[in-house]
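query-v6.pdb follows (PDB, C-alpha atoms):
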MODEL        1
ATOM      1  CA  MET A  16      12.768 -18.195   7.624
ATOM      2  CA  ARG A  17      13.011 -19.147  11.293
ATOM      3  CA  ILE A  18      16.468 -20.142  12.516
ATOM      4  CA  ASP A  19      16.579 -22.680  15.338
ATOM      5  CA  GLU A  20      18.665 -21.397  18.249
ATOM      6  CA  ASN A  21      20.545 -24.725  18.330
ATOM      7  CA  ILE A  22      21.785 -24.325  14.765
ATOM      8  CA  ARG A  23      25.352 -23.081  14.545
ATOM      9  CA  THR A  24      26.972 -21.354  11.606
ATOM     10  CA  GLY A  25      30.458 -21.100  10.213
ATOM     11  CA  ARG A  26      31.855 -19.207   7.273
ATOM     12  CA  HIS A  27      30.460 -21.630   4.687
ATOM     13  CA  ARG A  28      28.330 -23.979   6.730
ATOM     14  CA  ILE A  29      25.237 -24.278   8.850
ATOM     15  CA  PHE A  30      25.137 -27.213  11.209
ATOM     16  CA  ARG A  31      23.643 -28.873  14.234
ATOM     17  CA  MET A  32      25.625 -31.981  15.120
ATOM     18  CA  HIS A  33      25.327 -33.623  18.508
ATOM     19  CA  ALA A  34      27.023 -36.720  19.820
ATOM     20  CA  HIS A  35      26.217 -38.651  22.973
ATOM     21  CA  VAL A  36      29.463 -40.101  24.309
ATOM     22  CA  VAL A  37      29.945 -42.460  27.234
ATOM     23  CA  PHE A  38      33.266 -43.225  28.910
ATOM     24  CA  VAL A  39      33.620 -46.144  31.311
ATOM     25  CA  THR A  40      36.356 -46.414  33.939
ATOM     26  CA  LYS A  41      38.973 -49.110  33.436
ATOM     27  CA  TYR A  42      37.834 -52.442  34.909
ATOM     28  CA  ARG A  43      34.506 -50.688  35.686
ATOM     29  CA  HIS A  44      35.941 -49.614  39.045
ATOM     30  CA  SER A  45      33.609 -47.351  41.006
ATOM     31  CA  VAL A  46      35.936 -44.426  41.616
ATOM     32  CA  PHE A  47      33.844 -41.263  41.201
ATOM     33  CA  ASP A  48      31.933 -39.272  43.744
ATOM     34  CA  ASP A  49      30.338 -35.852  43.259
ATOM     35  CA  ARG A  50      33.576 -33.855  43.564
ATOM     36  CA  HIS A  51      35.298 -36.042  40.933
ATOM     37  CA  LEU A  52      32.380 -35.681  38.527
ATOM     38  CA  THR A  53      32.208 -31.921  39.091
ATOM     39  CA  ARG A  54      35.895 -31.541  38.268
ATOM     40  CA  CYS A  55      35.599 -33.953  35.332
ATOM     41  CA  GLU A  56      32.833 -31.786  33.871
ATOM     42  CA  GLU A  57      35.002 -28.660  34.222
ATOM     43  CA  ILE A  58      37.913 -30.381  32.470
ATOM     44  CA  MET A  59      35.727 -31.712  29.657
ATOM     45  CA  ARG A  60      34.137 -28.283  29.123
ATOM     46  CA  ALA A  61      37.614 -26.767  28.719
ATOM     47  CA  VAL A  62      38.640 -29.465  26.232
ATOM     48  CA  CYS A  63      35.428 -28.939  24.244
ATOM     49  CA  GLU A  64      36.162 -25.214  24.090
ATOM     50  CA  ASP A  65      39.534 -25.974  22.462
ATOM     51  CA  PHE A  66      37.649 -27.891  19.731
ATOM     52  CA  GLU A  67      34.969 -25.178  19.330
ATOM     53  CA  ALA A  68      32.485 -27.723  20.651
ATOM     54  CA  GLU A  69      29.750 -26.976  23.156
ATOM     55  CA  PRO A  70      28.883 -29.446  25.907
ATOM     56  CA  ALA A  71      25.087 -29.502  26.171
ATOM     57  CA  GLU A  72      24.827 -31.916  29.099
ATOM     58  CA  PHE A  73      27.122 -33.837  31.442
ATOM     59  CA  ASN A  74      26.435 -36.379  34.165
ATOM     60  CA  GLY A  75      27.770 -39.641  35.467
ATOM     61  CA  GLU A  76      27.794 -42.370  38.051
ATOM     62  CA  ALA A  77      30.536 -44.033  40.070
ATOM     63  CA  ASN A  78      32.031 -45.866  37.075
ATOM     64  CA  HIS A  79      31.059 -43.940  33.930
ATOM     65  CA  VAL A  80      30.203 -40.512  32.516
ATOM     66  CA  HIS A  81      27.817 -39.287  29.814
ATOM     67  CA  LEU A  82      28.430 -36.193  27.696
ATOM     68  CA  LEU A  83      26.138 -34.663  25.086
ATOM     69  CA  VAL A  84      28.255 -32.398  22.916
ATOM     70  CA  ASN A  85      27.457 -30.115  19.984
ATOM     71  CA  PHE A  86      30.482 -30.107  17.691
ATOM     72  CA  PRO A  87      31.423 -28.522  14.341
ATOM     73  CA  PRO A  88      31.767 -30.662  11.200
ATOM     74  CA  LYS A  89      35.509 -30.018  10.999
ATOM     75  CA  VAL A  90      36.019 -32.022  14.222
ATOM     76  CA  ALA A  91      36.310 -35.801  14.047
ATOM     77  CA  VAL A  92      34.472 -37.415  16.943
ATOM     78  CA  SER A  93      37.411 -39.791  17.479
ATOM     79  CA  ARG A  94      39.841 -36.863  17.930
ATOM     80  CA  LEU A  95      37.487 -35.102  20.346
ATOM     81  CA  VAL A  96      36.999 -38.312  22.346
ATOM     82  CA  ASN A  97      40.754 -38.971  22.431
ATOM     83  CA  SER A  98      41.400 -35.518  23.887
ATOM     84  CA  LEU A  99      38.513 -35.694  26.348
ATOM     85  CA  LYS A 100      39.685 -39.048  27.710
ATOM     86  CA  GLY A 101      43.396 -38.211  27.717
ATOM     87  CA  VAL A 102      43.205 -34.796  29.347
ATOM     88  CA  SER A 103      40.568 -35.783  31.900
ATOM     89  CA  SER A 104      42.450 -38.947  32.875
ATOM     90  CA  ARG A 105      45.731 -37.108  33.365
ATOM     91  CA  ARG A 106      44.250 -34.202  35.317
ATOM     92  CA  LEU A 107      41.945 -36.257  37.525
ATOM     93  CA  ARG A 108      44.784 -38.628  38.460
ATOM     94  CA  GLN A 109      47.034 -35.644  39.240
ATOM     95  CA  GLU A 110      44.444 -33.823  41.332
ATOM     96  CA  PHE A 111      42.878 -36.787  43.150
ATOM     97  CA  PRO A 112      45.344 -39.296  44.630
ATOM     98  CA  ASP A 113      42.389 -41.412  45.805
ATOM     99  CA  ILE A 114      41.678 -42.265  42.158
ATOM    100  CA  VAL A 115      45.265 -43.353  41.537
ATOM    101  CA  ARG A 116      45.102 -46.130  44.127
ATOM    102  CA  HIS A 117      42.601 -48.001  41.926
ATOM    103  CA  TYR A 118      45.037 -47.934  39.006
ATOM    104  CA  TRP A 119      48.489 -48.286  40.517
ATOM    105  CA  ARG A 120      49.626 -50.706  37.785
ATOM    106  CA  ALA A 121      47.697 -49.561  34.701
ATOM    107  CA  GLN A 122      48.178 -45.797  34.536
ATOM    108  CA  HIS A 123      44.827 -45.228  32.826
ATOM    109  CA  LEU A 124      41.548 -43.982  34.232
ATOM    110  CA  TRP A 125      39.316 -44.839  31.275
ATOM    111  CA  SER A 126      38.647 -48.087  29.480
ATOM    112  CA  GLY A 127      40.134 -48.178  25.975
ATOM    113  CA  SER A 128      36.656 -48.264  24.455
ATOM    114  CA  TYR A 129      33.861 -45.711  24.384
ATOM    115  CA  PHE A 130      30.341 -45.252  23.065
ATOM    116  CA  ALA A 131      29.502 -42.460  20.627
ATOM    117  CA  GLY A 132      26.090 -42.046  19.055
ATOM    118  CA  SER A 133      24.557 -39.307  16.981
ATOM    119  CA  ALA A 134      21.767 -37.523  18.778
ATOM    120  CA  GLY A 135      19.050 -35.049  17.951
ATOM    121  CA  GLY A 136      17.283 -34.293  14.740
ATOM    122  CA  ALA A 137      14.508 -36.282  13.124
ATOM    123  CA  PRO A 138      14.299 -40.071  13.360
ATOM    124  CA  LEU A 139      15.875 -41.937  10.434
ATOM    125  CA  SER A 140      12.476 -43.006   9.117
ATOM    126  CA  ILE A 141      11.428 -39.356   8.737
ATOM    127  CA  VAL A 142      14.706 -38.367   7.048
ATOM    128  CA  ARG A 143      14.410 -41.354   4.692
ATOM    129  CA  GLN A 144      10.815 -40.363   3.836
ATOM    130  CA  TYR A 145      11.848 -36.735   3.237
ATOM    131  CA  ILE A 146      14.605 -37.800   0.820
ATOM    132  CA  GLU A 147      12.278 -40.197  -1.016
ATOM    133  CA  GLN A 148       9.737 -37.412  -1.556
ATOM    134  CA  GLN A 149      12.136 -35.020  -3.301
ATOM    135  CA  ASN A 150      11.029 -33.863  -6.797
ATOM    136  CA  ARG A 151      13.609 -35.654  -8.914
ATOM    137  CA  PRO A 152      13.791 -34.248 -12.464
ATOM    138  CA  LEU A 153      12.873 -36.653 -15.287
TER     139      LEU A 153
ENDMDL
END

Could you take the file, read its structure, and then write that structure out as structure tokens?
Amino acid sequence: MRIDENIRTGRHRIFRMHAHVVFVTKYRHSVFDDRHLTRCEEIMRAVCEDFEAEPAEFNGEANHVHLLVNFPPKVAVSRLVNSLKGVSSRRLRQEFPDIVRHYWRAQHLWSGSYFAGSAGGAPLSIVRQYIEQQNRPL
């Protein structure tokens, strides 16, 4: 049996779970340049490590970031997102005073909302077809 290199294993589990998450800056302010995004990626990689998650891809623009993360089933996406946003907001505002000037009243870097979508694997139509074709006993 061939094992896909992207499949991870635990003591009693085999998994490949990816989420595509997007964080938008509060009020959609354009606050990031390359140095901010580089540091943001470093911070988010460290947070992911604490959750035994693996960032597969990171990028962003002036007012939002995208992260593709491979995470274990024991981690709730909402908890991972909460830590990613909280730690990155705190550290970026501490390290870059130029970001703070955009948010002098509301001490938050990120909007309260976020996008999280499952990514990878077969399309739903293929999974549905596979399940329908199982040999159900009579």

Where does segment 82-109 of chain A meet segment 61-64 of chain A within 9 Å, residue by residue, with the nearest atom pair and distance in Å to one decimal for each, counting only C-alpha atoms, listed by chain and rising number, as JSON lines?
{"residue": "A:Val84", "atom": "CA", "partner": "A:Cys63", "partner_atom": "CA", "distance": 8.1}
{"residue": "A:Phe86", "atom": "CA", "partner": "A:Cys63", "partner_atom": "CA", "distance": 8.3}
{"residue": "A:Leu95", "atom": "CA", "partner": "A:Cys63", "partner_atom": "CA", "distance": 7.6}
{"residue": "A:Ser98", "atom": "CA", "partner": "A:Val62", "partner_atom": "CA", "distance": 7.1}
{"residue": "A:Leu99", "atom": "CA", "partner": "A:Val62", "partner_atom": "CA", "distance": 6.2}
{"residue": "A:Val102", "atom": "CA", "partner": "A:Val62", "partner_atom": "CA", "distance": 7.7}
{"residue": "A:Ser103", "atom": "CA", "partner": "A:Val62", "partner_atom": "CA", "distance": 8.7}

Legend entry - Test item: residues at most 10 Å from Gln122 of chain A, only C-alpha atoms, excluding those fewer than 6 positions along its chain, as a PyMOL selection string: chain A and resi 41+104-105+108+115

Legend entry - the PyMOL selection byres ((chain A and resi 26-35) around 10) resolved against shown file, as a ChimeraX atom specification: /A:19-25,36-37,68-73,81-88,92,130-136

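Taking atom CA of Ser45 of chain A as the reference point, atom CA of His117 of chain A is found at 9.1 Å.
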
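With atom CA of Ile141 of chain A on one side and atom CA of Val96 of chain A on the other, the separation reads 29.0 Å.
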
Selection result of the PyMOL selection byres ((chain A and resi 107) around 12) on this file, as an mmCIF file with C-alpha atoms, in the frame of the given file:
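Writing done, so here's selection-v7.cif:
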data_model
loop_
_atom_site.group_PDB
_atom_site.id
_atom_site.type_symbol
_atom_site.label_atom_id
_atom_site.label_comp_id
_atom_site.auth_asym_id
_atom_site.auth_seq_id
_atom_site.Cartn_x
_atom_site.Cartn_y
_atom_site.Cartn_z
ATOM 1 C CA VAL A 46 35.936 -44.426 41.616
ATOM 2 C CA PHE A 47 33.844 -41.263 41.201
ATOM 3 C CA ARG A 50 33.576 -33.855 43.564
ATOM 4 C CA HIS A 51 35.298 -36.042 40.933
ATOM 5 C CA LEU A 52 32.380 -35.681 38.527
ATOM 6 C CA THR A 53 32.208 -31.921 39.091
ATOM 7 C CA ARG A 54 35.895 -31.541 38.268
ATOM 8 C CA CYS A 55 35.599 -33.953 35.332
ATOM 9 C CA GLU A 56 32.833 -31.786 33.871
ATOM 10 C CA GLU A 57 35.002 -28.660 34.222
ATOM 11 C CA ILE A 58 37.913 -30.381 32.470
ATOM 12 C CA MET A 59 35.727 -31.712 29.657
ATOM 13 C CA LEU A 99 38.513 -35.694 26.348
ATOM 14 C CA LYS A 100 39.685 -39.048 27.710
ATOM 15 C CA GLY A 101 43.396 -38.211 27.717
ATOM 16 C CA VAL A 102 43.205 -34.796 29.347
ATOM 17 C CA SER A 103 40.568 -35.783 31.900
ATOM 18 C CA SER A 104 42.450 -38.947 32.875
ATOM 19 C CA ARG A 105 45.731 -37.108 33.365
ATOM 20 C CA ARG A 106 44.250 -34.202 35.317
ATOM 21 C CA ARG A 108 44.784 -38.628 38.460
ATOM 22 C CA GLN A 109 47.034 -35.644 39.240
ATOM 23 C CA GLU A 110 44.444 -33.823 41.332
ATOM 24 C CA PHE A 111 42.878 -36.787 43.150
ATOM 25 C CA PRO A 112 45.344 -39.296 44.630
ATOM 26 C CA ASP A 113 42.389 -41.412 45.805
ATOM 27 C CA ILE A 114 41.678 -42.265 42.158
ATOM 28 C CA VAL A 115 45.265 -43.353 41.537
ATOM 29 C CA GLN A 122 48.178 -45.797 34.536
ATOM 30 C CA HIS A 123 44.827 -45.228 32.826
ATOM 31 C CA LEU A 124 41.548 -43.982 34.232
ATOM 32 C CA TRP A 125 39.316 -44.839 31.275
#

Centre and size of axis-aligned box enclosing segment 23-31 of chain A plus 6 Å each side, as AutoDock Vina command-line options:
--center_x 27.7 --center_y -24.0 --center_z 9.6 --size_x 20.2 --size_y 21.7 --size_z 21.9

Reconstruct N, CA, C and O atoms of segment 22-37 of chain A from the incomplete input and present them as a PDB file, in the frame of the given file.
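Okay, this is what ended up in part_11.pdb:
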ATOM      1  N   ILE A  22      21.022 -24.225  16.006  1.00  0.00           N
ATOM      2  CA  ILE A  22      21.785 -24.325  14.765  1.00  0.00           C
ATOM      3  C   ILE A  22      22.967 -23.370  14.847  1.00  0.00           C
ATOM      4  O   ILE A  22      22.819 -22.198  15.191  1.00  0.00           O
ATOM      5  N   ARG A  23      24.130 -23.889  14.520  1.00  0.00           N
ATOM      6  CA  ARG A  23      25.352 -23.081  14.545  1.00  0.00           C
ATOM      7  C   ARG A  23      25.780 -22.784  13.120  1.00  0.00           C
ATOM      8  O   ARG A  23      25.446 -23.527  12.199  1.00  0.00           O
ATOM      9  N   THR A  24      26.521 -21.713  12.942  1.00  0.00           N
ATOM     10  CA  THR A  24      26.972 -21.354  11.606  1.00  0.00           C
ATOM     11  C   THR A  24      28.471 -21.134  11.601  1.00  0.00           C
ATOM     12  O   THR A  24      29.076 -20.758  12.610  1.00  0.00           O
ATOM     13  N   GLY A  25      29.050 -21.384  10.453  1.00  0.00           N
ATOM     14  CA  GLY A  25      30.458 -21.100  10.213  1.00  0.00           C
ATOM     15  C   GLY A  25      30.532 -20.251   8.961  1.00  0.00           C
ATOM     16  O   GLY A  25      29.504 -19.797   8.432  1.00  0.00           O
ATOM     17  N   ARG A  26      31.687 -20.059   8.439  1.00  0.00           N
ATOM     18  CA  ARG A  26      31.855 -19.207   7.273  1.00  0.00           C
ATOM     19  C   ARG A  26      31.069 -19.731   6.071  1.00  0.00           C
ATOM     20  O   ARG A  26      30.435 -18.975   5.355  1.00  0.00           O
ATOM     21  N   HIS A  27      31.142 -21.032   5.837  1.00  0.00           N
ATOM     22  CA  HIS A  27      30.460 -21.630   4.687  1.00  0.00           C
ATOM     23  C   HIS A  27      29.602 -22.816   5.087  1.00  0.00           C
ATOM     24  O   HIS A  27      29.424 -23.736   4.302  1.00  0.00           O
ATOM     25  N   ARG A  28      29.091 -22.814   6.288  1.00  0.00           N
ATOM     26  CA  ARG A  28      28.330 -23.979   6.730  1.00  0.00           C
ATOM     27  C   ARG A  28      27.304 -23.589   7.785  1.00  0.00           C
ATOM     28  O   ARG A  28      27.466 -22.621   8.507  1.00  0.00           O
ATOM     29  N   ILE A  29      26.254 -24.368   7.817  1.00  0.00           N
ATOM     30  CA  ILE A  29      25.237 -24.278   8.850  1.00  0.00           C
ATOM     31  C   ILE A  29      25.084 -25.688   9.381  1.00  0.00           C
ATOM     32  O   ILE A  29      24.945 -26.631   8.597  1.00  0.00           O
ATOM     33  N   PHE A  30      25.138 -25.854  10.685  1.00  0.00           N
ATOM     34  CA  PHE A  30      25.137 -27.213  11.209  1.00  0.00           C
ATOM     35  C   PHE A  30      24.524 -27.300  12.591  1.00  0.00           C
ATOM     36  O   PHE A  30      24.439 -26.311  13.317  1.00  0.00           O
ATOM     37  N   ARG A  31      24.087 -28.503  12.892  1.00  0.00           N
ATOM     38  CA  ARG A  31      23.643 -28.873  14.234  1.00  0.00           C
ATOM     39  C   ARG A  31      23.989 -30.345  14.385  1.00  0.00           C
ATOM     40  O   ARG A  31      23.247 -31.220  13.960  1.00  0.00           O
ATOM     41  N   MET A  32      25.142 -30.617  14.955  1.00  0.00           N
ATOM     42  CA  MET A  32      25.625 -31.981  15.120  1.00  0.00           C
ATOM     43  C   MET A  32      25.866 -32.245  16.600  1.00  0.00           C
ATOM     44  O   MET A  32      26.652 -31.549  17.240  1.00  0.00           O
ATOM     45  N   HIS A  33      25.177 -33.242  17.111  1.00  0.00           N
ATOM     46  CA  HIS A  33      25.327 -33.623  18.508  1.00  0.00           C
ATOM     47  C   HIS A  33      25.787 -35.074  18.584  1.00  0.00           C
ATOM     48  O   HIS A  33      25.360 -35.899  17.781  1.00  0.00           O
ATOM     49  N   ALA A  34      26.621 -35.342  19.547  1.00  0.00           N
ATOM     50  CA  ALA A  34      27.023 -36.720  19.820  1.00  0.00           C
ATOM     51  C   ALA A  34      26.823 -36.990  21.305  1.00  0.00           C
ATOM     52  O   ALA A  34      27.088 -36.129  22.150  1.00  0.00           O
ATOM     53  N   HIS A  35      26.335 -38.177  21.594  1.00  0.00           N
ATOM     54  CA  HIS A  35      26.217 -38.651  22.973  1.00  0.00           C
ATOM     55  C   HIS A  35      27.381 -39.600  23.179  1.00  0.00           C
ATOM     56  O   HIS A  35      27.474 -40.626  22.507  1.00  0.00           O
ATOM     57  N   VAL A  36      28.298 -39.245  24.059  1.00  0.00           N
ATOM     58  CA  VAL A  36      29.463 -40.101  24.309  1.00  0.00           C
ATOM     59  C   VAL A  36      29.428 -40.607  25.750  1.00  0.00           C
ATOM     60  O   VAL A  36      28.978 -39.898  26.657  1.00  0.00           O
ATOM     61  N   VAL A  37      29.895 -41.831  25.915  1.00  0.00           N
ATOM     62  CA  VAL A  37      29.945 -42.460  27.234  1.00  0.00           C
ATOM     63  C   VAL A  37      31.340 -43.035  27.422  1.00  0.00           C
ATOM     64  O   VAL A  37      31.838 -43.769  26.560  1.00  0.00           O
TER      65      VAL A  37
END
